[in-house]
Structures are given as structure tokens and as C-alpha cells.
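Colleague: See start29.cif below, with mmCIF, C-alpha atoms; chains and numbers go by the auth columns.
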```cif
data_protein
#
loop_
_atom_site.group_PDB
_atom_site.id
_atom_site.type_symbol
_atom_site.label_atom_id
_atom_site.label_comp_id
_atom_site.label_asym_id
_atom_site.label_seq_id
_atom_site.Cartn_x
_atom_site.Cartn_y
_atom_site.Cartn_z
_atom_site.B_iso_or_equiv
_atom_site.auth_seq_id
_atom_site.auth_asym_id
ATOM 1 C CA MET A 1 38.417 -0.574 17.959 0.00 1 A
ATOM 2 C CA VAL A 2 38.358 -2.180 14.526 0.00 2 A
ATOM 3 C CA LYS A 3 35.407 -4.341 15.595 0.00 3 A
ATOM 4 C CA ILE A 4 33.484 -1.233 16.701 0.00 4 A
ATOM 5 C CA ILE A 5 34.134 0.520 13.393 0.00 5 A
ATOM 6 C CA CYS A 6 33.112 -2.598 11.438 0.00 6 A
ATOM 7 C CA ALA A 7 29.946 -2.926 13.528 0.00 7 A
ATOM 8 C CA ALA A 8 29.073 0.738 12.913 0.00 8 A
ATOM 9 C CA MET A 9 29.606 0.293 9.186 0.00 9 A
ATOM 10 C CA MET A 10 27.428 -2.853 9.131 0.00 10 A
ATOM 11 C CA ILE A 11 24.656 -1.095 11.060 0.00 11 A
ATOM 12 C CA THR A 12 24.660 1.852 8.682 0.00 12 A
ATOM 13 C CA MET A 13 24.835 -0.337 5.558 0.00 13 A
ATOM 14 C CA PHE A 14 21.878 -2.471 6.526 0.00 14 A
ATOM 15 C CA SER A 15 19.773 0.286 8.071 0.00 15 A
ATOM 16 C CA GLY A 16 20.094 2.702 5.132 0.00 16 A
ATOM 17 C CA CYS A 17 21.689 5.185 7.499 0.00 17 A
ATOM 18 C CA ASN A 18 24.307 7.839 6.724 0.00 18 A
ATOM 19 C CA LEU A 19 27.454 6.926 8.720 0.00 19 A
ATOM 20 C CA ARG A 20 28.261 10.501 9.739 0.00 20 A
ATOM 21 C CA THR A 21 24.695 11.100 10.959 0.00 21 A
ATOM 22 C CA TRP A 22 24.681 7.793 12.833 0.00 22 A
ATOM 23 C CA LEU A 23 28.014 8.539 14.531 0.00 23 A
ATOM 24 C CA ASN A 24 26.916 12.070 15.468 0.00 24 A
ATOM 25 C CA ASN A 25 23.750 10.715 17.033 0.00 25 A
ATOM 26 C CA PHE A 26 25.587 7.821 18.688 0.00 26 A
ATOM 27 C CA THR A 27 28.107 10.148 20.344 0.00 27 A
ATOM 28 C CA SER A 28 25.588 12.906 21.132 0.00 28 A
ATOM 29 C CA LYS A 29 24.999 13.628 24.807 0.00 29 A
ATOM 30 C CA GLU A 30 21.365 14.533 24.099 0.00 30 A
ATOM 31 C CA LYS A 31 18.675 12.109 25.209 0.00 31 A
ATOM 32 C CA ALA A 32 17.071 10.326 22.281 0.00 32 A
ATOM 33 C CA THR A 33 13.367 10.928 21.862 0.00 33 A
ATOM 34 C CA THR A 34 11.476 7.952 23.241 0.00 34 A
ATOM 35 C CA SER A 35 8.083 8.834 21.859 0.00 35 A
ATOM 36 C CA ILE A 36 6.722 10.710 18.867 0.00 36 A
ATOM 37 C CA LYS A 37 4.391 12.524 21.256 0.00 37 A
ATOM 38 C CA GLU A 38 7.452 14.001 23.032 0.00 38 A
ATOM 39 C CA LEU A 39 8.671 15.864 19.934 0.00 39 A
ATOM 40 C CA LYS A 40 8.502 19.612 20.568 0.00 40 A
ATOM 41 C CA ASN A 41 6.452 21.723 18.144 0.00 41 A
ATOM 42 C CA VAL A 42 5.564 18.651 16.057 0.00 42 A
ATOM 43 C CA THR A 43 1.956 17.485 15.789 0.00 43 A
ATOM 44 C CA SER A 44 1.479 13.728 15.827 0.00 44 A
ATOM 45 C CA LEU A 45 -0.992 12.691 13.109 0.00 45 A
ATOM 46 C CA GLU A 46 -2.758 9.354 13.596 0.00 46 A
ATOM 47 C CA ASN A 47 -4.461 8.747 10.236 0.00 47 A
ATOM 48 C CA GLU A 48 -5.038 10.087 6.716 0.00 48 A
ATOM 49 C CA LYS A 49 -8.052 12.152 7.813 0.00 49 A
ATOM 50 C CA GLN A 50 -5.957 14.058 10.373 0.00 50 A
ATOM 51 C CA PHE A 51 -3.167 14.375 7.801 0.00 51 A
ATOM 52 C CA THR A 52 -5.515 15.883 5.181 0.00 52 A
ATOM 53 C CA LYS A 53 -6.943 18.371 7.665 0.00 53 A
ATOM 54 C CA PHE A 54 -3.461 19.299 8.940 0.00 54 A
ATOM 55 C CA VAL A 55 -1.977 20.031 5.490 0.00 55 A
ATOM 56 C CA ALA A 56 -5.012 22.079 4.386 0.00 56 A
ATOM 57 C CA ASN A 57 -3.733 24.955 6.522 0.00 57 A
ATOM 58 C CA PRO A 58 -2.856 28.255 4.776 0.00 58 A
ATOM 59 C CA LYS A 59 0.481 28.262 6.641 0.00 59 A
ATOM 60 C CA PRO A 60 3.366 26.327 5.104 0.00 60 A
ATOM 61 C CA THR A 61 3.230 22.789 6.480 0.00 61 A
ATOM 62 C CA ILE A 62 5.961 20.155 6.661 0.00 62 A
ATOM 63 C CA VAL A 63 5.102 16.540 7.436 0.00 63 A
ATOM 64 C CA MET A 64 7.664 13.863 8.204 0.00 64 A
ATOM 65 C CA VAL A 65 6.440 10.450 7.085 0.00 65 A
ATOM 66 C CA HIS A 66 8.150 7.721 9.113 0.00 66 A
ATOM 67 C CA SER A 67 7.893 4.092 10.232 0.00 67 A
ATOM 68 C CA THR A 68 8.595 2.643 13.660 0.00 68 A
ATOM 69 C CA TRP A 69 10.986 0.007 12.224 0.00 69 A
ATOM 70 C CA CYS A 70 13.116 2.593 10.381 0.00 70 A
ATOM 71 C CA SER A 71 16.453 3.467 12.040 0.00 71 A
ATOM 72 C CA SER A 72 16.949 6.533 9.828 0.00 72 A
ATOM 73 C CA CYS A 73 13.531 7.763 10.984 0.00 73 A
ATOM 74 C CA LYS A 74 14.595 7.483 14.619 0.00 74 A
ATOM 75 C CA ILE A 75 17.695 9.527 13.789 0.00 75 A
ATOM 76 C CA MET A 76 15.627 12.200 12.034 0.00 76 A
ATOM 77 C CA GLU A 77 12.919 12.620 14.710 0.00 77 A
ATOM 78 C CA PRO A 78 14.969 14.871 17.057 0.00 78 A
ATOM 79 C CA ILE A 79 16.464 16.711 14.062 0.00 79 A
ATOM 80 C CA PHE A 80 12.979 17.411 12.690 0.00 80 A
ATOM 81 C CA SER A 81 11.906 18.575 16.154 0.00 81 A
ATOM 82 C CA LYS A 82 14.821 21.050 16.220 0.00 82 A
ATOM 83 C CA LEU A 83 13.803 22.342 12.793 0.00 83 A
ATOM 84 C CA ALA A 84 10.219 22.753 14.028 0.00 84 A
ATOM 85 C CA ASP A 85 11.555 24.831 16.954 0.00 85 A
ATOM 86 C CA GLU A 86 13.204 27.196 14.462 0.00 86 A
ATOM 87 C CA LEU A 87 10.220 27.604 12.141 0.00 87 A
ATOM 88 C CA ASN A 88 7.813 30.223 13.455 0.00 88 A
ATOM 89 C CA ASP A 89 5.839 30.572 10.234 0.00 89 A
ATOM 90 C CA ALA A 90 5.321 26.870 9.437 0.00 90 A
ATOM 91 C CA LYS A 91 3.491 23.966 11.019 0.00 91 A
ATOM 92 C CA CYS A 92 5.249 20.634 11.437 0.00 92 A
ATOM 93 C CA GLY A 93 3.652 17.216 11.748 0.00 93 A
ATOM 94 C CA ILE A 94 4.668 13.573 11.759 0.00 94 A
ATOM 95 C CA ILE A 95 2.748 10.509 10.619 0.00 95 A
ATOM 96 C CA ASN A 96 3.518 6.806 10.778 0.00 96 A
ATOM 97 C CA LEU A 97 3.231 5.297 7.309 0.00 97 A
ATOM 98 C CA ASP A 98 2.162 1.994 8.872 0.00 98 A
ATOM 99 C CA GLN A 99 -0.957 3.743 10.232 0.00 99 A
ATOM 100 C CA ALA A 100 -1.731 5.478 6.929 0.00 100 A
ATOM 101 C CA PRO A 101 -0.431 3.198 4.154 0.00 101 A
ATOM 102 C CA GLU A 102 -2.649 4.864 1.546 0.00 102 A
ATOM 103 C CA LEU A 103 -0.324 7.900 1.680 0.00 103 A
ATOM 104 C CA ALA A 104 2.441 5.853 0.027 0.00 104 A
ATOM 105 C CA LYS A 105 0.321 5.311 -3.053 0.00 105 A
ATOM 106 C CA LYS A 106 -1.259 8.770 -3.092 0.00 106 A
ATOM 107 C CA TYR A 107 2.097 10.617 -2.863 0.00 107 A
ATOM 108 C CA LEU A 108 4.264 7.985 -4.633 0.00 108 A
ATOM 109 C CA LEU A 109 6.474 7.484 -1.578 0.00 109 A
ATOM 110 C CA SER A 110 9.466 5.251 -2.195 0.00 110 A
ATOM 111 C CA GLY A 111 11.109 5.357 1.228 0.00 111 A
ATOM 112 C CA VAL A 112 11.125 6.810 4.714 0.00 112 A
ATOM 113 C CA PRO A 113 11.784 9.151 6.295 0.00 113 A
ATOM 114 C CA VAL A 114 10.442 11.561 3.727 0.00 114 A
ATOM 115 C CA PHE A 115 9.429 15.188 4.232 0.00 115 A
ATOM 116 C CA LEU A 116 6.354 16.480 2.415 0.00 116 A
ATOM 117 C CA VAL A 117 5.878 20.245 2.106 0.00 117 A
ATOM 118 C CA PHE A 118 2.385 21.725 1.697 0.00 118 A
ATOM 119 C CA GLN A 119 0.535 25.015 1.629 0.00 119 A
ATOM 120 C CA ASN A 120 -3.263 25.278 1.454 0.00 120 A
ATOM 121 C CA GLY A 121 -3.471 21.518 0.943 0.00 121 A
ATOM 122 C CA THR A 122 -1.263 21.590 -2.160 0.00 122 A
ATOM 123 C CA GLU A 123 2.029 19.761 -2.078 0.00 123 A
ATOM 124 C CA LEU A 124 4.885 22.123 -2.921 0.00 124 A
ATOM 125 C CA SER A 125 7.502 19.389 -3.109 0.00 125 A
ATOM 126 C CA LYS A 126 7.691 16.994 -6.040 0.00 126 A
ATOM 127 C CA PRO A 127 8.677 13.332 -5.712 0.00 127 A
ATOM 128 C CA GLU A 128 12.129 14.104 -7.123 0.00 128 A
ATOM 129 C CA THR A 129 12.742 17.149 -4.876 0.00 129 A
ATOM 130 C CA ARG A 130 11.423 15.822 -1.549 0.00 130 A
ATOM 131 C CA PRO A 131 13.940 15.594 1.264 0.00 131 A
ATOM 132 C CA ILE A 132 14.335 11.866 1.986 0.00 132 A
ATOM 133 C CA GLY A 133 16.554 9.814 4.285 0.00 133 A
ATOM 134 C CA ASP A 134 18.733 10.898 7.157 0.00 134 A
ATOM 135 C CA MET A 135 20.675 14.142 7.055 0.00 135 A
ATOM 136 C CA SER A 136 21.976 16.883 9.304 0.00 136 A
ATOM 137 C CA LEU A 137 19.777 19.720 10.534 0.00 137 A
ATOM 138 C CA ASP A 138 21.562 22.108 8.149 0.00 138 A
ATOM 139 C CA ASN A 139 20.938 19.813 5.154 0.00 139 A
ATOM 140 C CA LEU A 140 17.277 19.360 6.068 0.00 140 A
ATOM 141 C CA ARG A 141 16.813 23.121 6.471 0.00 141 A
ATOM 142 C CA GLN A 142 18.526 23.724 3.097 0.00 142 A
ATOM 143 C CA LYS A 143 16.384 21.136 1.286 0.00 143 A
ATOM 144 C CA ILE A 144 13.156 22.550 2.767 0.00 144 A
ATOM 145 C CA ASP A 145 14.255 26.073 1.766 0.00 145 A
ATOM 146 C CA GLU A 146 14.953 24.821 -1.777 0.00 146 A
ATOM 147 C CA VAL A 147 11.412 23.413 -2.030 0.00 147 A
ATOM 148 C CA PHE A 148 9.906 26.734 -0.922 0.00 148 A
ATOM 149 C CA SER A 149 12.142 28.842 -3.167 0.00 149 A
ATOM 150 C CA GLU A 150 11.491 26.602 -6.200 0.00 150 A
ATOM 151 C CA PHE A 151 7.738 26.832 -5.670 0.00 151 A
ATOM 152 C CA HIS A 152 7.711 30.605 -5.116 0.00 152 A
ATOM 153 C CA SER A 153 10.060 31.464 -7.992 0.00 153 A
#
```
Would you write the structure of this file as C-alpha cells?

Modeller:
Amino acid sequence: MVKIICAAMMITMFSGCNLRTWLNNFTSKEKATTSIKELKNVTSLENEKQFTKFVANPKPTIVMVHSTWCSSCKIMEPIFSKLADELNDAKCGIINLDQAPELAKKYLLSGVPVFLVFQNGTELSKPETRPIGDMSLDNLRQKIDEVFSEFHS
């Protein structure tokens, strides 16, 4: 048992993962998403051109920026999909930073996964207020709500 706990701690330390989130996902009976295209209510964006068109929408838009090598991103994909299921008045998309590296420079991205919030093509979140890293569904929902309330206050 001690070896399992040590292994879990090593995995989370070196993957940048939150231990509680990792354990919840590890013990979850839900099937892990095997493909980005399988995420419900989340539009897969292939390049910066699609990204720009997607965020220009008048509806609030949330985009998860991820990388295929990122373990925290894999943890957040099904959580983001659940959030997208709940949001009737917002569009949700996901883009692989490896396919659109210019986004990192344009939006000053320092890590993944990161959640960018837009409306009418304007980013509502600021680099210091963007939700970043792995977190629970409740924490992600709260951080997105904070971005919207800060912008609309």
C-alpha cells in the first residue's frame, strides 16, 4: 500500500497534477475520454483560424487550451465536457496548443490546461485570472463564474 501511495505522489509531482483530482479520476468508475472528438458539447478546434472564428461569437465562449502530452489536460477533458453540458448559454471549445503554437505568444500562455473566456472576440479573462491547471468541476465552474462577474461588474 505504501508503494502505491508513493507512486501516486510521484506521478502527481512530476505531472503537475493535483493529488486529490488524480485520485478521484483514478478511482472513478466513468470511462475516460479516449478522443477529443468524443467530448460532448465541446467543439474541437484544429487551428488558429478556427479558434478566431469560434471566439468571435456573441455568445460567451470558453476554450480549453491543452496538449496531448499533458496529464492534467487529460484529467480536465471530461470535467470540461461536464461543464459544457451544464452551460446552455455558452459555447465551449478545445484546441491543442501543439497545433496552434502562436496562441501561446498571442495570449501569454504559461501552462496548460488553461481556460480562455471570450465574448464577441474579446477575451474576458486576464492572464492572472484565467483558470489554469487541474481542478474539480465545482472549482472550474466557480472560476469561470468569477471571470464573468468581474467583467460584467

Colleague: Take the PyMOL selection byres ((chain A and resi 63-77) around 7), run it mentally on this structure, and tell me the resulting residues as a list in words.

Modeller: Ser15, Gly16, Cys17, Asn25, Thr61, Ile62, Pro78, Ile79, Phe80, Ser81, Cys92, Gly93, Ile94, Ile95, Asn96, Leu97, Asp98, Val112, Pro113, Val114, Phe115, Leu116, Val117, Gly133 and Asp134 of chain A

Colleague: Using the selection just defined, write its residues with C-alpha atoms as a PDB file, keeping the file's coordinate frame.

Modeller:
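Listing of selection.pdb after writing:
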```pdb
ATOM      1  CA  SER A  15      19.773   0.286   8.071  1.00  0.00           C
ATOM      2  CA  GLY A  16      20.094   2.702   5.132  1.00  0.00           C
ATOM      3  CA  CYS A  17      21.689   5.185   7.499  1.00  0.00           C
ATOM      4  CA  ASN A  25      23.750  10.715  17.033  1.00  0.00           C
ATOM      5  CA  THR A  61       3.230  22.789   6.480  1.00  0.00           C
ATOM      6  CA  ILE A  62       5.961  20.155   6.661  1.00  0.00           C
ATOM      7  CA  PRO A  78      14.969  14.871  17.057  1.00  0.00           C
ATOM      8  CA  ILE A  79      16.464  16.711  14.062  1.00  0.00           C
ATOM      9  CA  PHE A  80      12.979  17.411  12.690  1.00  0.00           C
ATOM     10  CA  SER A  81      11.906  18.575  16.154  1.00  0.00           C
ATOM     11  CA  CYS A  92       5.249  20.634  11.437  1.00  0.00           C
ATOM     12  CA  GLY A  93       3.652  17.216  11.748  1.00  0.00           C
ATOM     13  CA  ILE A  94       4.668  13.573  11.759  1.00  0.00           C
ATOM     14  CA  ILE A  95       2.748  10.509  10.619  1.00  0.00           C
ATOM     15  CA  ASN A  96       3.518   6.806  10.778  1.00  0.00           C
ATOM     16  CA  LEU A  97       3.231   5.297   7.309  1.00  0.00           C
ATOM     17  CA  ASP A  98       2.162   1.994   8.872  1.00  0.00           C
ATOM     18  CA  VAL A 112      11.125   6.810   4.714  1.00  0.00           C
ATOM     19  CA  PRO A 113      11.784   9.151   6.295  1.00  0.00           C
ATOM     20  CA  VAL A 114      10.442  11.561   3.727  1.00  0.00           C
ATOM     21  CA  PHE A 115       9.429  15.188   4.232  1.00  0.00           C
ATOM     22  CA  LEU A 116       6.354  16.480   2.415  1.00  0.00           C
ATOM     23  CA  VAL A 117       5.878  20.245   2.106  1.00  0.00           C
ATOM     24  CA  GLY A 133      16.554   9.814   4.285  1.00  0.00           C
ATOM     25  CA  ASP A 134      18.733  10.898   7.157  1.00  0.00           C
TER      26      ASP A 134
END
```

Colleague: Go through A:Lys126, A:Lys91, A:Lys82, A:Lys106 one by one, measure the shortest atom-to-atom distance of each to A:Arg141 using only C-alpha atoms, and give the residue with the smallest value.

Modeller: A:Lys82

Colleague: Which residue, A:Val147, A:Phe118, A:Asp138, A:Ile132, has the smallest gap to A:Ala56 when you use all atoms listed in the file?

Modeller: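 For A:Ala56, the nearest of the given residues is A:Phe118.
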
Colleague: Could you please determine the separation between atom CA of A:Thr43 and atom CA of A:Asp85 in Å, to one decimal place?

Modeller: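 Atom CA of A:Asp85 lies at a distance of 12.1 Å from atom CA of A:Thr43.
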
Colleague: Counting only C-alpha atoms, which residues have an atom no more than 8 Å from (8.4, 11.0, -7.7) in the file's coordinates? Please list them as a compact mmCIF listing (two decimals) with C-alpha atoms, in the frame of the given file.

Modeller:
```
# COMPACT_ATOMS: atom_id res chain seq x y z
CA TYR A 107 2.10 10.62 -2.86
CA LEU A 108 4.26 7.98 -4.63
CA LEU A 109 6.47 7.48 -1.58
CA LYS A 126 7.69 16.99 -6.04
CA PRO A 127 8.68 13.33 -5.71
CA GLU A 128 12.13 14.10 -7.12
```

Colleague: Compare A:Asn88, A:Ser136, A:Asn47, A:Ser149 by their minimum atom-to-atom distance to A:Glu102, counting all atoms listed in the file, and give me the closest one.

Modeller: A:Asn47

Colleague: Expressed in Å to a single decimal, how great is the separation between atom CA of A:Asn139 and atom CA of A:Phe54?

Modeller: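 A separation of 24.7 Å between them.
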
Colleague: For atom CA of A:Ala84 and atom CA of A:Leu39, quote the distance in Å rounded to one decimal.

Modeller: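 Straight-line distance from atom CA of A:Ala84 to atom CA of A:Leu39 works out to 9.2 Å.
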
Colleague: Apply the PyMOL selection byres ((chain A and resi 48) around 9) to the displayed file and report the matching residues as number ranges by chain.

Modeller: A: 45-47, 49-53, 95, 99-103
